[in-house]
Amino acid sequence: MTARNMTTPGDFHDHVYVADRLIAEDIDAYLDRHQHKTMLRFITCGSVDDGKSTLIGRLLYDTKMVFEDQLASLEHDSRVLGTQSGGIDFALLVDGLAAEREQGITIDVAYRFFATEKRKFIVADTPGHEQYTRNMVTGASTADLAVILIDARQGVLTQTRRHSYLVNLLGIRNIVLAVNKMDLVGYSADRFDEIVADYRAFAQKIGMEDFLAIPISGLAGDNVAAPSANMPWYRGPTLLDHLETAPLNDSRMQDHPFRMPVQWVNRPNLDFRGFTGQIVSGQVRPGDAIRVLPSGKTTTVKSIPTWDGDLATAVAGQSVTLTFADEIDCSRGDVITAADAPCEVADQFEATLVWMSDAEMLPGRPYLLKTGTQMLTATVTEPKYEVNVNTLEQLASKTLALNAIGVVNISTDRPIPFEAYRDNPDLGGFILIDRMTNATVAAGMIHFALRRSQNIHWQALDVDRDAHASLKNQKPAVIWFTGLSGSGKSTIANLVERKLHAMGKHTFLLDGDNVRHGLNRDLGFTDADRVENIRRVGEVAKLMTDAGLIVLTAFISPFRSERRMVRELIADGEFLEVYVNTPLEVAEARDVKGLYRKARAGALKNFTGIDSPYEPPEAPEIAVNTVSQTPEEAADLIVEALLRR
Amino acid sequence: MSQEALHPGTDRLTHLQRLEAESIQIMREVVATAENPVMLYSVGKDSACMLHLAKKAFYPAPPPFPLLHVDTTWKFRAMYALRDRAAREAGMELIVYQNPEALAKGINPFDHGSLHTDMWKTEGLKQALTQYGFDVAFGGARRDEEKSRAKERIFSFRSANHRWDPKNQRPELWKLYNTRKAKGESIRVFPLSNWTELDIWQYIQLEGIEIVPLYFSEERPVVDRDGLLIMVDDDRFRFRPGEKPVMKSVRFRTLGCYPLTGAVESHAKTLPEVIQEMLLTTTSERQGRAIDHDSAASMEKKKQEGYF
């Protein structure tokens with residue numbers, strides 16, 4: 001049985017038959033037509049039960065993209081897993097990964113393909129849950145058009161508003177409101193009008209310029225590929241008709257001035273130097289005057305060589321190679337622009353960020369920023385505000401967590417050519433990458449350059465301890481571990497440092513053994529030398545706090561007075577004494593370095609706890625032990641106390 | 001693409017022009033950021049397209065990376081012939097890798113079932129990538145081939161032991177590919193992700209790309225085995241009792257190891273005829289491959305283990 005036999009004739013758009021006949025009778029004519037098709041990318045969004053996957057399955061089915069073996073597998077799966085009690089569950093055609101099929105939800109972005117007489121389509125199927133905002137943003141970033149699904153029974157929901165806000169944020173100008181499941185509301189025109197009026201009020205609020213509303217049933221096929229006999233009151237196009245005629249982003253970018261980020265310099269020999277890249281806007285011809293940014297150097301285009309011969313014109317969307325009339329500096333990351341219409345260059349911006357990582361944003365921490373073809377280092381400020389995507393309220397926030405959206409200022413380590421995202425998404429969109437994990441942690445959209453970027457770097461700054469600390473976006477501190485030999489000071493201090501480092505804090509660990517190998521190698525273990533040892537360590541720690549660091553020290557430091565001396569050196573509130581309270585018996589039983597054994601045997605003199613006293617702190621900021629706590633728990637406690645300050 | 005095809009009267013690009021531009025952009029991004037890239041070349045029609053796109057992306061230079069064929073020793077003879085010629089004509093180094101363990105043990109599709117694919121292809125690929133230290137490998141997979149591929153990224157990250165974690169993929173926004181990786185990690189890059197089977201065929205026709213003649217119908221000796229028409233390509237073929245090769249007009253929709261690849265009966269001798277048949281056909285492409293038949297999710301499992 002073929003896909004065609006499975007359906008009733010009325011289900012199909014006539015052109016499917018026309019295409020079939022043409023394929024059978026004149027394949028050359030068919031191919032010629034196919035060759036001139038354009039391509040539209042769109043995204044479908046809606047909440048879990050709005051019937052997204054069903055609609056896409058229906059589009060694949062109605063455009064004859066379902067093969068016989070897939071259909072057999074679909075019929076089998078519909079019986080086993082389907083939710084349509086025996087009928088074909090179109091959603092199963094598009095739900096890909098095994099885990100998702102079992103859970104009955106879509107959790108990633110899946111790309112589907114279908115084609116009609118006029119166009120090829122790539123549809124990004126993205127999940128509806130709030131926790132998958134990042135997936136939706138990903139799918140929307142490459143879309144020419146968005147289909148927002150609404151369940152006619154439910155009307156405009158919180159999810160509808162969130163999805164609409166997101167597609168509008170990502171700059172999609174072509175929006176279809178597909179009011180689905182019309183079969184379940186008796187194909188009521190009143191219900192449809194009510195929903196459209198609701199949505200229109202909301203669309204105006206978020207600055208959405210326009211949208212097209214279509215009443216459909218994905219399950220029954222009404223107004224998907226064929227006009228619905230059930231809704232004679234609807235006179236507009238079917239969904240497929242609209243998809244076939246909606247304008248493309250590429251076309252919009254043709255009228256914009258010429259811009260091409262340089263991807264790679266092709267230099268096979270001394271006689272050829274070509275600058276390769278994809279034209280993101282405008283057009284270019286040999287002889288055109290161009291300007292390379294950020295340097296601002298100008299020359300003219302000599303040729304546009306390709307495998308198929310030199311081009312007379314190259315247009316937005318094409319990947320090309322340009323040669324220049326003059327040898328000027330130009331490398332990956334630069335942007336080639338029309339000489340008389342260059343874009344702006346700046347190093348500080350206001351931008352919207354969509355946070356995509358489980359690890360929250362750390363203001364002040366350096367991230368890698370990729371935009372166009374360049375990668376550089378950037379820091380972000382605390383959000384000016386976070387947007388509640390459900391209510392559109394602007395909230396105060398110190399950071400952005402997974403799926404949060406906020407407006408921040410960004411500063412890059414060098415000036416970059418850019419355009420506002422809404423004018424040119426390829427020069428205004430960027431991603432942030434975590435330097436340690438290499439994960440893509442955020443998507444960003446530039447609003448505009450901050451005016452102070454023109455001069456801020458030329459102002460003389462007094463680089464004082466506050467300046468050091470604020471650059472590191474942290475409050476300096478000395479975390480002073482004290483306790484017996486073998487009590488676990490170094491172990492815990494190491495763990496604390498690792499945790500702080502992972503959080504983007506700038507730290508340094510001064511360890512007793514290491515300091516005695518260098519700075520203090522002239523000192524022994526007499527009481528006087530122990531005091532001098534601590535004094536020097538205290539001074540070093542103080543210098544490091546002036547440099548803005550969080551310093552961890554792990555010394556037995558047995559005497560109260562020396563610890564007090566150090567406390568007084570350090571600025572108020574920056575000294576945290578951590579007492580690692582491990583009883584002598586326990587430390588001696590561990591005897592990691594074999595020192596207790598030597599001391600008991602009399603081979604080590606002045607050993608703390610054996611023949612030299614240890615004076616426990618009277619009021620330490622933090623007390624931990626390694627008997628009832630694991631080093632991990634102790635470290636967490638300390639980090640918590642540090643951050644609470 | 002020809003000048004005429006590039007400028008069909010308006011400034012707008014056709015879908016094939018957009019796909020071509022995207023694939024070229026992806027390839028250049030890899031060359032600009034990778035340390036030691038390689039292109040996996042399987043000699044099939046998708047590989048042929050990918051190689052052609054690479055020639056265009058780096059013109060007038062030859063593509064600045066080698067071709068790697070992970071060989072099983074059981075490919076069709078016609079594939080070996082085209083492989084060597086295509087690499088030579090592109091001016092590229094061709095690395096042929098055969099898993100030495102599989103070679104020593106004489107692993108073959110007749111005696112060893114799925115072990116054949118595991119050892120020659122999955123293990124062979126991992127060994128080759130590790131041995132040569134390739135950090136990025138281009139592959140010709142398309143998202144329309146199979147459901148689990150529909151969700152794979154264009155830049156797909158593999159752990160140091162070449163595993164794919166479908167739950168932990170990097171988001172791909174706009175054209176901004178995050179190519180950063182830790183030591184030992186590698187990236188599989190699929191420049192043909194957004195192409196469909198029809199796009200590939202049409203591009204082959206428009207660009208005049210040479211493909212293995214097995215894609216076109218001809219009288220060939222085949223046996224009907226478990227519902228698949230298997231071609232008797234050399235004298236290593238093991239007949240089951242009662243089996244005899246018969247001459248049939250057949251062609252192949254996909255190419256792999258000849259004892260595992262089913263032919264379809266056909267009289268399509270030209271590209272338009274092949275495309276015509278493909279458009280009117282009612283079974284999807286991968287059905288000719290024995291590897292997928294286990295279960296719907298089998299490809300996803302294989303991919304997690306490192307199969308391309």
# chains A, B, ... in the order shown; residues from 1 in each chain; ligands from 1
call {"tool": "select_by_dssp", "arguments": {"residues": "range 189-269 of chain B", "states": "strand (DSSP E)", "output": "PDB file with N, CA, C and O atoms, in the first residue's frame"}}
result
ATOM      1  N   VAL B 189      31.543  16.609  11.719  1.00  0.00           N
ATOM      2  CA  VAL B 189      30.836  17.736  11.098  1.00  0.00           C
ATOM      3  C   VAL B 189      30.086  17.240   9.868  1.00  0.00           C
ATOM      4  O   VAL B 189      30.664  16.546   9.030  1.00  0.00           O
ATOM      5  N   GLU B 218      21.706  -1.916 -14.739  1.00  0.00           N
ATOM      6  CA  GLU B 218      22.495  -2.716 -15.664  1.00  0.00           C
ATOM      7  C   GLU B 218      22.147  -4.162 -15.326  1.00  0.00           C
ATOM      8  O   GLU B 218      21.694  -4.455 -14.217  1.00  0.00           O
ATOM      9  N   GLU B 219      22.401  -5.054 -16.272  1.00  0.00           N
ATOM     10  CA  GLU B 219      22.236  -6.485 -15.986  1.00  0.00           C
ATOM     11  C   GLU B 219      23.366  -6.904 -15.054  1.00  0.00           C
ATOM     12  O   GLU B 219      24.545  -6.749 -15.375  1.00  0.00           O
ATOM     13  N   ARG B 220      22.985  -7.388 -13.860  1.00  0.00           N
ATOM     14  CA  ARG B 220      24.023  -7.777 -12.894  1.00  0.00           C
ATOM     15  C   ARG B 220      23.647  -9.119 -12.278  1.00  0.00           C
ATOM     16  O   ARG B 220      22.454  -9.405 -12.114  1.00  0.00           O
ATOM     17  N   PRO B 221      24.659  -9.938 -11.891  1.00  0.00           N
ATOM     18  CA  PRO B 221      24.355 -11.230 -11.279  1.00  0.00           C
ATOM     19  C   PRO B 221      23.931 -11.045  -9.820  1.00  0.00           C
ATOM     20  O   PRO B 221      24.680 -10.480  -9.022  1.00  0.00           O
ATOM     21  N   VAL B 222      22.726 -11.485  -9.485  1.00  0.00           N
ATOM     22  CA  VAL B 222      22.240 -11.318  -8.105  1.00  0.00           C
ATOM     23  C   VAL B 222      21.632 -12.617  -7.591  1.00  0.00           C
ATOM     24  O   VAL B 222      21.219 -13.483  -8.372  1.00  0.00           O
ATOM     25  N   VAL B 223      21.606 -12.743  -6.259  1.00  0.00           N
ATOM     26  CA  VAL B 223      20.808 -13.811  -5.638  1.00  0.00           C
ATOM     27  C   VAL B 223      19.771 -13.138  -4.738  1.00  0.00           C
ATOM     28  O   VAL B 223      20.013 -12.064  -4.195  1.00  0.00           O
ATOM     29  N   ASP B 224      18.619 -13.787  -4.619  1.00  0.00           N
ATOM     30  CA  ASP B 224      17.550 -13.269  -3.760  1.00  0.00           C
ATOM     31  C   ASP B 224      17.714 -13.912  -2.393  1.00  0.00           C
ATOM     32  O   ASP B 224      17.504 -15.104  -2.231  1.00  0.00           O
ATOM     33  N   ARG B 225      18.164 -13.127  -1.419  1.00  0.00           N
ATOM     34  CA  ARG B 225      18.446 -13.686  -0.098  1.00  0.00           C
ATOM     35  C   ARG B 225      17.679 -12.908   0.967  1.00  0.00           C
ATOM     36  O   ARG B 225      17.879 -11.711   1.120  1.00  0.00           O
ATOM     37  N   LEU B 228      16.340  -9.568   0.123  1.00  0.00           N
ATOM     38  CA  LEU B 228      17.254  -8.601  -0.472  1.00  0.00           C
ATOM     39  C   LEU B 228      17.890  -9.208  -1.714  1.00  0.00           C
ATOM     40  O   LEU B 228      18.245 -10.385  -1.713  1.00  0.00           O
ATOM     41  N   LEU B 229      18.018  -8.355  -2.754  1.00  0.00           N
ATOM     42  CA  LEU B 229      18.739  -8.807  -3.953  1.00  0.00           C
ATOM     43  C   LEU B 229      20.211  -8.469  -3.765  1.00  0.00           C
ATOM     44  O   LEU B 229      20.595  -7.293  -3.762  1.00  0.00           O
ATOM     45  N   ILE B 230      21.035  -9.529  -3.574  1.00  0.00           N
ATOM     46  CA  ILE B 230      22.455  -9.309  -3.292  1.00  0.00           C
ATOM     47  C   ILE B 230      23.258  -9.608  -4.553  1.00  0.00           C
ATOM     48  O   ILE B 230      23.112 -10.662  -5.156  1.00  0.00           O
ATOM     49  N   MET B 231      24.141  -8.650  -4.894  1.00  0.00           N
ATOM     50  CA  MET B 231      24.939  -8.830  -6.102  1.00  0.00           C
ATOM     51  C   MET B 231      26.173  -9.695  -5.813  1.00  0.00           C
ATOM     52  O   MET B 231      26.829  -9.543  -4.786  1.00  0.00           O
ATOM     53  N   VAL B 246      21.395 -15.012 -10.709  1.00  0.00           N
ATOM     54  CA  VAL B 246      20.621 -14.798 -11.936  1.00  0.00           C
ATOM     55  C   VAL B 246      20.884 -13.367 -12.404  1.00  0.00           C
ATOM     56  O   VAL B 246      21.121 -12.470 -11.586  1.00  0.00           O
ATOM     57  N   MET B 247      20.865 -13.158 -13.709  1.00  0.00           N
ATOM     58  CA  MET B 247      21.097 -11.829 -14.249  1.00  0.00           C
ATOM     59  C   MET B 247      19.795 -11.034 -14.175  1.00  0.00           C
ATOM     60  O   MET B 247      18.750 -11.486 -14.647  1.00  0.00           O
ATOM     61  N   LYS B 248      19.874  -9.867 -13.532  1.00  0.00           N
ATOM     62  CA  LYS B 248      18.693  -9.019 -13.457  1.00  0.00           C
ATOM     63  C   LYS B 248      19.109  -7.585 -13.703  1.00  0.00           C
ATOM     64  O   LYS B 248      20.240  -7.191 -13.367  1.00  0.00           O
ATOM     65  N   SER B 249      18.185  -6.809 -14.235  1.00  0.00           N
ATOM     66  CA  SER B 249      18.460  -5.385 -14.408  1.00  0.00           C
ATOM     67  C   SER B 249      18.224  -4.723 -13.054  1.00  0.00           C
ATOM     68  O   SER B 249      17.090  -4.571 -12.608  1.00  0.00           O
ATOM     69  N   VAL B 250      19.306  -4.373 -12.401  1.00  0.00           N
ATOM     70  CA  VAL B 250      19.196  -3.796 -11.053  1.00  0.00           C
ATOM     71  C   VAL B 250      20.087  -2.572 -10.925  1.00  0.00           C
ATOM     72  O   VAL B 250      21.014  -2.364 -11.705  1.00  0.00           O
ATOM     73  N   ARG B 251      19.771  -1.783  -9.878  1.00  0.00           N
ATOM     74  CA  ARG B 251      20.667  -0.697  -9.484  1.00  0.00           C
ATOM     75  C   ARG B 251      20.626  -0.581  -7.956  1.00  0.00           C
ATOM     76  O   ARG B 251      19.827  -1.256  -7.301  1.00  0.00           O
ATOM     77  N   GLY B 262      21.318  -4.348  -0.558  1.00  0.00           N
ATOM     78  CA  GLY B 262      20.274  -4.841  -1.437  1.00  0.00           C
ATOM     79  C   GLY B 262      20.141  -3.979  -2.687  1.00  0.00           C
ATOM     80  O   GLY B 262      20.181  -2.758  -2.606  1.00  0.00           O
ATOM     81  N   ALA B 263      19.977  -4.640  -3.832  1.00  0.00           N
ATOM     82  CA  ALA B 263      19.725  -3.915  -5.072  1.00  0.00           C
ATOM     83  C   ALA B 263      18.219  -3.803  -5.273  1.00  0.00           C
ATOM     84  O   ALA B 263      17.447  -4.523  -4.647  1.00  0.00           O
ATOM     85  N   VAL B 264      17.826  -2.856  -6.122  1.00  0.00           N
ATOM     86  CA  VAL B 264      16.416  -2.800  -6.513  1.00  0.00           C
ATOM     87  C   VAL B 264      16.324  -3.084  -8.011  1.00  0.00           C
ATOM     88  O   VAL B 264      17.203  -2.692  -8.778  1.00  0.00           O
ATOM     89  N   GLU B 265      15.270  -3.793  -8.391  1.00  0.00           N
ATOM     90  CA  GLU B 265      15.070  -4.051  -9.819  1.00  0.00           C
ATOM     91  C   GLU B 265      14.661  -2.748 -10.475  1.00  0.00           C
ATOM     92  O   GLU B 265      13.793  -2.029  -9.953  1.00  0.00           O
TER      93      GLU B 265
END
call {"tool": "closest_atom_pairs", "arguments": {"of": "chain A", "to": "chain B", "cutoff": "7 Å", "atoms": "only C-alpha atoms", "output": "CSV"}}
result
residue,atom,partner,partner_atom,distance
A:Thr2,CA,B:Thr282,CA,6.2
A:Ile23,CA,B:Gln276,CA,6.0
A:Ala24,CA,B:Gln276,CA,6.9
A:Ile27,CA,B:Gln276,CA,6.1
A:Asp28,CA,B:Pro272,CA,6.7
A:His36,CA,B:Thr14,CA,5.6
A:Lys37,CA,B:Thr14,CA,5.5
A:Thr38,CA,B:Thr14,CA,4.5
A:Met39,CA,B:His15,CA,4.7
A:Phe67,CA,B:Thr282,CA,4.9
A:Glu68,CA,B:Thr282,CA,4.9
A:Asp69,CA,B:Thr283,CA,5.3
A:Gly96,CA,B:Lys147,CA,4.9
A:Leu97,CA,B:Ser148,CA,5.5
A:Ala98,CA,B:Ala297,CA,6.1
A:Asp108,CA,B:Lys151,CA,6.9
A:Val109,CA,B:Lys151,CA,6.0
A:Ala110,CA,B:Lys151,CA,4.5
A:Tyr111,CA,B:Ala150,CA,5.3
A:Arg112,CA,B:Ala150,CA,6.7
A:Phe113,CA,B:Asp144,CA,6.7
A:Lys120,CA,B:His15,CA,6.7
A:Thr138,CA,B:Leu173,CA,5.1
A:Ser141,CA,B:Trp174,CA,5.2
A:Thr142,CA,B:Trp174,CA,5.3
A:Ser251,CA,B:Arg12,CA,6.0
A:Gln263,CA,B:Glu29,CA,6.6
A:Trp264,CA,B:Ala32,CA,5.7
A:Pro268,CA,B:Ala61,CA,5.3
A:Gly277,CA,B:Gln25,CA,6.9
A:Gln278,CA,B:Gln25,CA,6.5
A:Thr306,CA,B:Tyr59,CA,6.5
A:Trp307,CA,B:Lys56,CA,5.5
A:Asp308,CA,B:Ser2,CA,6.3
A:Val315,CA,B:Asp11,CA,6.8
A:Gly317,CA,B:Arg18,CA,6.7
A:Gln318,CA,B:Ala21,CA,5.2
A:Ser319,CA,B:Ala21,CA,4.8
A:Thr371,CA,B:Leu176,CA,6.9
A:Asn438,CA,B:Arg180,CA,5.7
A:Ala439,CA,B:Arg170,CA,6.8
A:Thr440,CA,B:Arg170,CA,6.1
call {"tool": "residues_around", "arguments": {"residues": "His116 in chain B", "least_positions_apart": "3", "cutoff": "12 Å", "atoms": "only C-alpha atoms", "output": "number ranges by chain"}}
result
B: 71-74, 99, 101-103, 105-113, 119-124, 257, 259-260, 290-291
call {"tool": "write_last_selection", "arguments": {"atoms": "C-alpha atoms", "output": "short mmCIF file (atom, residue, chain, number, x, y, z; two decimals), in the first residue's frame"}}
result
data_model
loop_
_atom_site.label_atom_id
_atom_site.label_comp_id
_atom_site.auth_asym_id
_atom_site.auth_seq_id
_atom_site.Cartn_x
_atom_site.Cartn_y
_atom_site.Cartn_z
CA ASP B 71 37.65 0.24 4.32
CA THR B 72 36.07 -3.10 5.09
CA THR B 73 37.68 -4.91 2.11
CA TRP B 74 34.13 -5.88 1.12
CA ASN B 99 41.21 -2.39 11.04
CA GLU B 101 42.44 -6.87 13.98
CA ALA B 102 39.49 -7.43 11.65
CA LEU B 103 41.92 -8.18 8.86
CA LYS B 105 40.68 -12.44 12.15
CA GLY B 106 39.22 -12.51 8.66
CA ILE B 107 36.04 -10.77 9.78
CA ASN B 108 33.51 -10.97 6.95
CA PRO B 109 29.81 -10.37 6.40
CA PHE B 110 29.05 -14.06 5.80
CA ASP B 111 30.30 -15.48 9.10
CA HIS B 112 30.18 -12.60 11.53
CA GLY B 113 26.87 -10.76 11.19
CA MET B 119 34.81 -4.16 13.81
CA TRP B 120 35.46 -2.86 10.31
CA LYS B 121 33.41 0.32 10.45
CA THR B 122 32.77 1.41 14.03
CA GLU B 123 36.09 0.22 15.48
CA GLY B 124 38.01 0.92 12.28
CA CYS B 257 29.60 -3.78 1.64
CA PRO B 259 27.11 -8.77 0.53
CA LEU B 260 25.02 -6.51 2.81
CA ALA B 290 20.64 -4.65 6.34
CA ILE B 291 22.01 -2.69 9.29
#
call {"tool": "residues_around", "arguments": {"residues": "Ile148 in chain A", "least_positions_apart": "2", "cutoff": "7 Å", "atoms": "only C-alpha atoms", "output": "PyMOL selection string"}}
result
chain A and resi 44-46+146+150+176-178
call {"tool": "write_last_selection", "arguments": {"atoms": "C-alpha atoms", "output": "PDB file, in the first residue's frame"}}
result
ATOM      1  CA  THR A  44       6.710  25.535  14.930  1.00  0.00           C
ATOM      2  CA  CYS A  45       5.997  26.406  18.518  1.00  0.00           C
ATOM      3  CA  GLY A  46       3.250  25.635  20.897  1.00  0.00           C
ATOM      4  CA  ALA A 146       7.205  31.017  12.828  1.00  0.00           C
ATOM      5  CA  ILE A 150      -2.900  27.431  19.777  1.00  0.00           C
ATOM      6  CA  VAL A 176       1.422  32.577  11.596  1.00  0.00           C
ATOM      7  CA  LEU A 177      -1.052  32.025  14.375  1.00  0.00           C
ATOM      8  CA  ALA A 178      -2.376  28.526  13.676  1.00  0.00           C
TER       9      ALA A 178
END
call {"tool": "residues_around", "arguments": {"residues": "Phe157 in chain B", "least_positions_apart": "5", "cutoff": "8 Å", "atoms": "only C-alpha atoms", "output": "PyMOL selection string"}}
result
chain B and resi 164+169+185-188
call {"tool": "residues_around", "arguments": {"residues": "Asp46 in chain B", "least_positions_apart": "6", "cutoff": "10 Å", "atoms": "only C-alpha atoms", "output": "list in words"}}
result
His52, Gly139, Gly140, Ala141, Arg142, Leu192, Trp195, Glu197, Ile200, Trp201, Ile204, Ile211 and Thr254 of chain B
call {"tool": "residues_around", "arguments": {"residues": "Ala87 in chain B", "least_positions_apart": "4", "cutoff": "12 Å", "atoms": "only C-alpha atoms", "output": "PyMOL selection string"}}
result
chain B and resi 39-43+47-48+51-52+54-55+62-63+65-69+80-83+91-96
call {"tool": "write_last_selection", "arguments": {"atoms": "N, CA, C and O atoms", "output": "CSV table (one decimal), in the first residue's frame"}}
result
chain,number,residue,atom,x,y,z
B,39,MET,N,38.3,14.4,5.8
B,39,MET,CA,37.0,14.2,5.3
B,39,MET,C,36.8,12.7,5.1
B,39,MET,O,37.6,12.0,4.4
B,40,LEU,N,35.8,12.2,5.7
B,40,LEU,CA,35.5,10.7,5.6
B,40,LEU,C,34.8,10.6,4.2
B,40,LEU,O,33.9,11.3,3.8
B,41,TYR,N,35.3,9.6,3.5
B,41,TYR,CA,34.9,9.4,2.1
B,41,TYR,C,34.5,8.0,1.9
B,41,TYR,O,35.3,7.1,2.0
B,42,SER,N,33.2,7.8,1.7
B,42,SER,CA,32.7,6.4,1.6
B,42,SER,C,32.5,6.0,0.1
B,42,SER,O,32.0,4.9,-0.1
B,43,VAL,N,32.7,6.9,-0.8
B,43,VAL,CA,32.6,6.6,-2.2
B,43,VAL,C,31.1,6.6,-2.7
B,43,VAL,O,30.9,6.5,-3.9
B,47,SER,N,29.0,11.2,-0.4
B,47,SER,CA,30.5,11.5,-0.4
B,47,SER,C,30.9,12.3,-1.6
B,47,SER,O,31.7,13.2,-1.5
B,48,ALA,N,30.4,11.9,-2.7
B,48,ALA,CA,30.7,12.5,-4.0
B,48,ALA,C,30.3,14.0,-4.0
B,48,ALA,O,31.1,14.8,-4.4
B,51,LEU,N,32.6,15.9,-1.5
B,51,LEU,CA,33.9,16.1,-2.1
B,51,LEU,C,33.8,17.3,-3.1
B,51,LEU,O,34.7,18.2,-3.1
B,52,HIS,N,32.8,17.3,-3.9
B,52,HIS,CA,32.6,18.3,-4.9
B,52,HIS,C,32.5,19.7,-4.2
B,52,HIS,O,33.1,20.7,-4.7
B,54,ALA,N,33.7,20.5,-1.4
B,54,ALA,CA,35.0,20.9,-0.8
B,54,ALA,C,35.9,21.5,-1.9
B,54,ALA,O,36.6,22.5,-1.6
B,55,LYS,N,35.8,20.9,-3.1
B,55,LYS,CA,36.6,21.5,-4.2
B,55,LYS,C,36.2,22.9,-4.4
B,55,LYS,O,37.0,23.8,-4.7
B,62,PRO,N,43.5,23.1,-3.7
B,62,PRO,CA,42.8,21.9,-3.4
B,62,PRO,C,42.3,21.9,-1.9
B,62,PRO,O,42.8,22.6,-1.1
B,63,PRO,N,41.3,21.1,-1.6
B,63,PRO,CA,40.8,21.1,-0.2
B,63,PRO,C,42.0,20.8,0.7
B,63,PRO,O,42.7,19.8,0.5
B,65,PHE,N,42.8,19.2,3.3
B,65,PHE,CA,42.8,18.1,4.3
B,65,PHE,C,42.7,16.8,3.5
B,65,PHE,O,42.4,16.8,2.3
B,66,PRO,N,43.1,15.7,4.1
B,66,PRO,CA,43.1,14.4,3.4
B,66,PRO,C,41.7,13.8,3.3
B,66,PRO,O,40.8,14.2,4.1
B,67,LEU,N,41.5,12.8,2.5
B,67,LEU,CA,40.3,12.0,2.5
B,67,LEU,C,40.6,10.7,3.2
B,67,LEU,O,41.7,10.2,3.1
B,68,LEU,N,39.7,10.2,4.0
B,68,LEU,CA,39.9,9.0,4.8
B,68,LEU,C,38.8,8.0,4.4
B,68,LEU,O,37.6,8.3,4.5
B,69,HIS,N,39.2,6.8,3.9
B,69,HIS,CA,38.3,5.8,3.6
B,69,HIS,C,38.5,4.7,4.6
B,69,HIS,O,39.5,4.1,4.6
B,80,TYR,N,36.0,0.9,-5.3
B,80,TYR,CA,37.4,1.1,-5.2
B,80,TYR,C,38.0,1.8,-6.4
B,80,TYR,O,38.9,2.7,-6.2
B,81,ALA,N,37.5,1.5,-7.6
B,81,ALA,CA,38.0,2.1,-8.8
B,81,ALA,C,37.8,3.6,-8.8
B,81,ALA,O,38.7,4.4,-9.0
B,82,LEU,N,36.6,4.0,-8.4
B,82,LEU,CA,36.2,5.5,-8.4
B,82,LEU,C,37.0,6.2,-7.3
B,82,LEU,O,37.4,7.3,-7.4
B,83,ARG,N,37.1,5.5,-6.1
B,83,ARG,CA,37.7,6.1,-5.0
B,83,ARG,C,39.1,6.7,-5.3
B,83,ARG,O,39.4,7.8,-5.1
B,91,GLY,N,43.3,16.2,-6.2
B,91,GLY,CA,44.6,16.6,-5.7
B,91,GLY,C,44.7,16.4,-4.2
B,91,GLY,O,45.4,17.2,-3.5
B,92,MET,N,44.0,15.4,-3.7
B,92,MET,CA,44.0,15.2,-2.2
B,92,MET,C,44.7,13.9,-1.8
B,92,MET,O,44.6,13.0,-2.6
B,93,GLU,N,45.3,13.9,-0.6
B,93,GLU,CA,45.8,12.7,-0.1
B,93,GLU,C,44.7,11.7,0.2
B,93,GLU,O,43.7,12.2,0.8
B,94,LEU,N,44.8,10.5,-0.1
B,94,LEU,CA,43.8,9.5,0.3
B,94,LEU,C,44.4,8.5,1.3
B,94,LEU,O,45.4,7.9,1.0
B,95,ILE,N,43.8,8.4,2.5
B,95,ILE,CA,44.2,7.5,3.5
B,95,ILE,C,43.2,6.3,3.5
B,95,ILE,O,42.0,6.6,3.7
B,96,VAL,N,43.7,5.1,3.3
B,96,VAL,CA,42.8,4.0,3.3
B,96,VAL,C,43.1,3.2,4.6
B,96,VAL,O,44.2,2.9,4.9
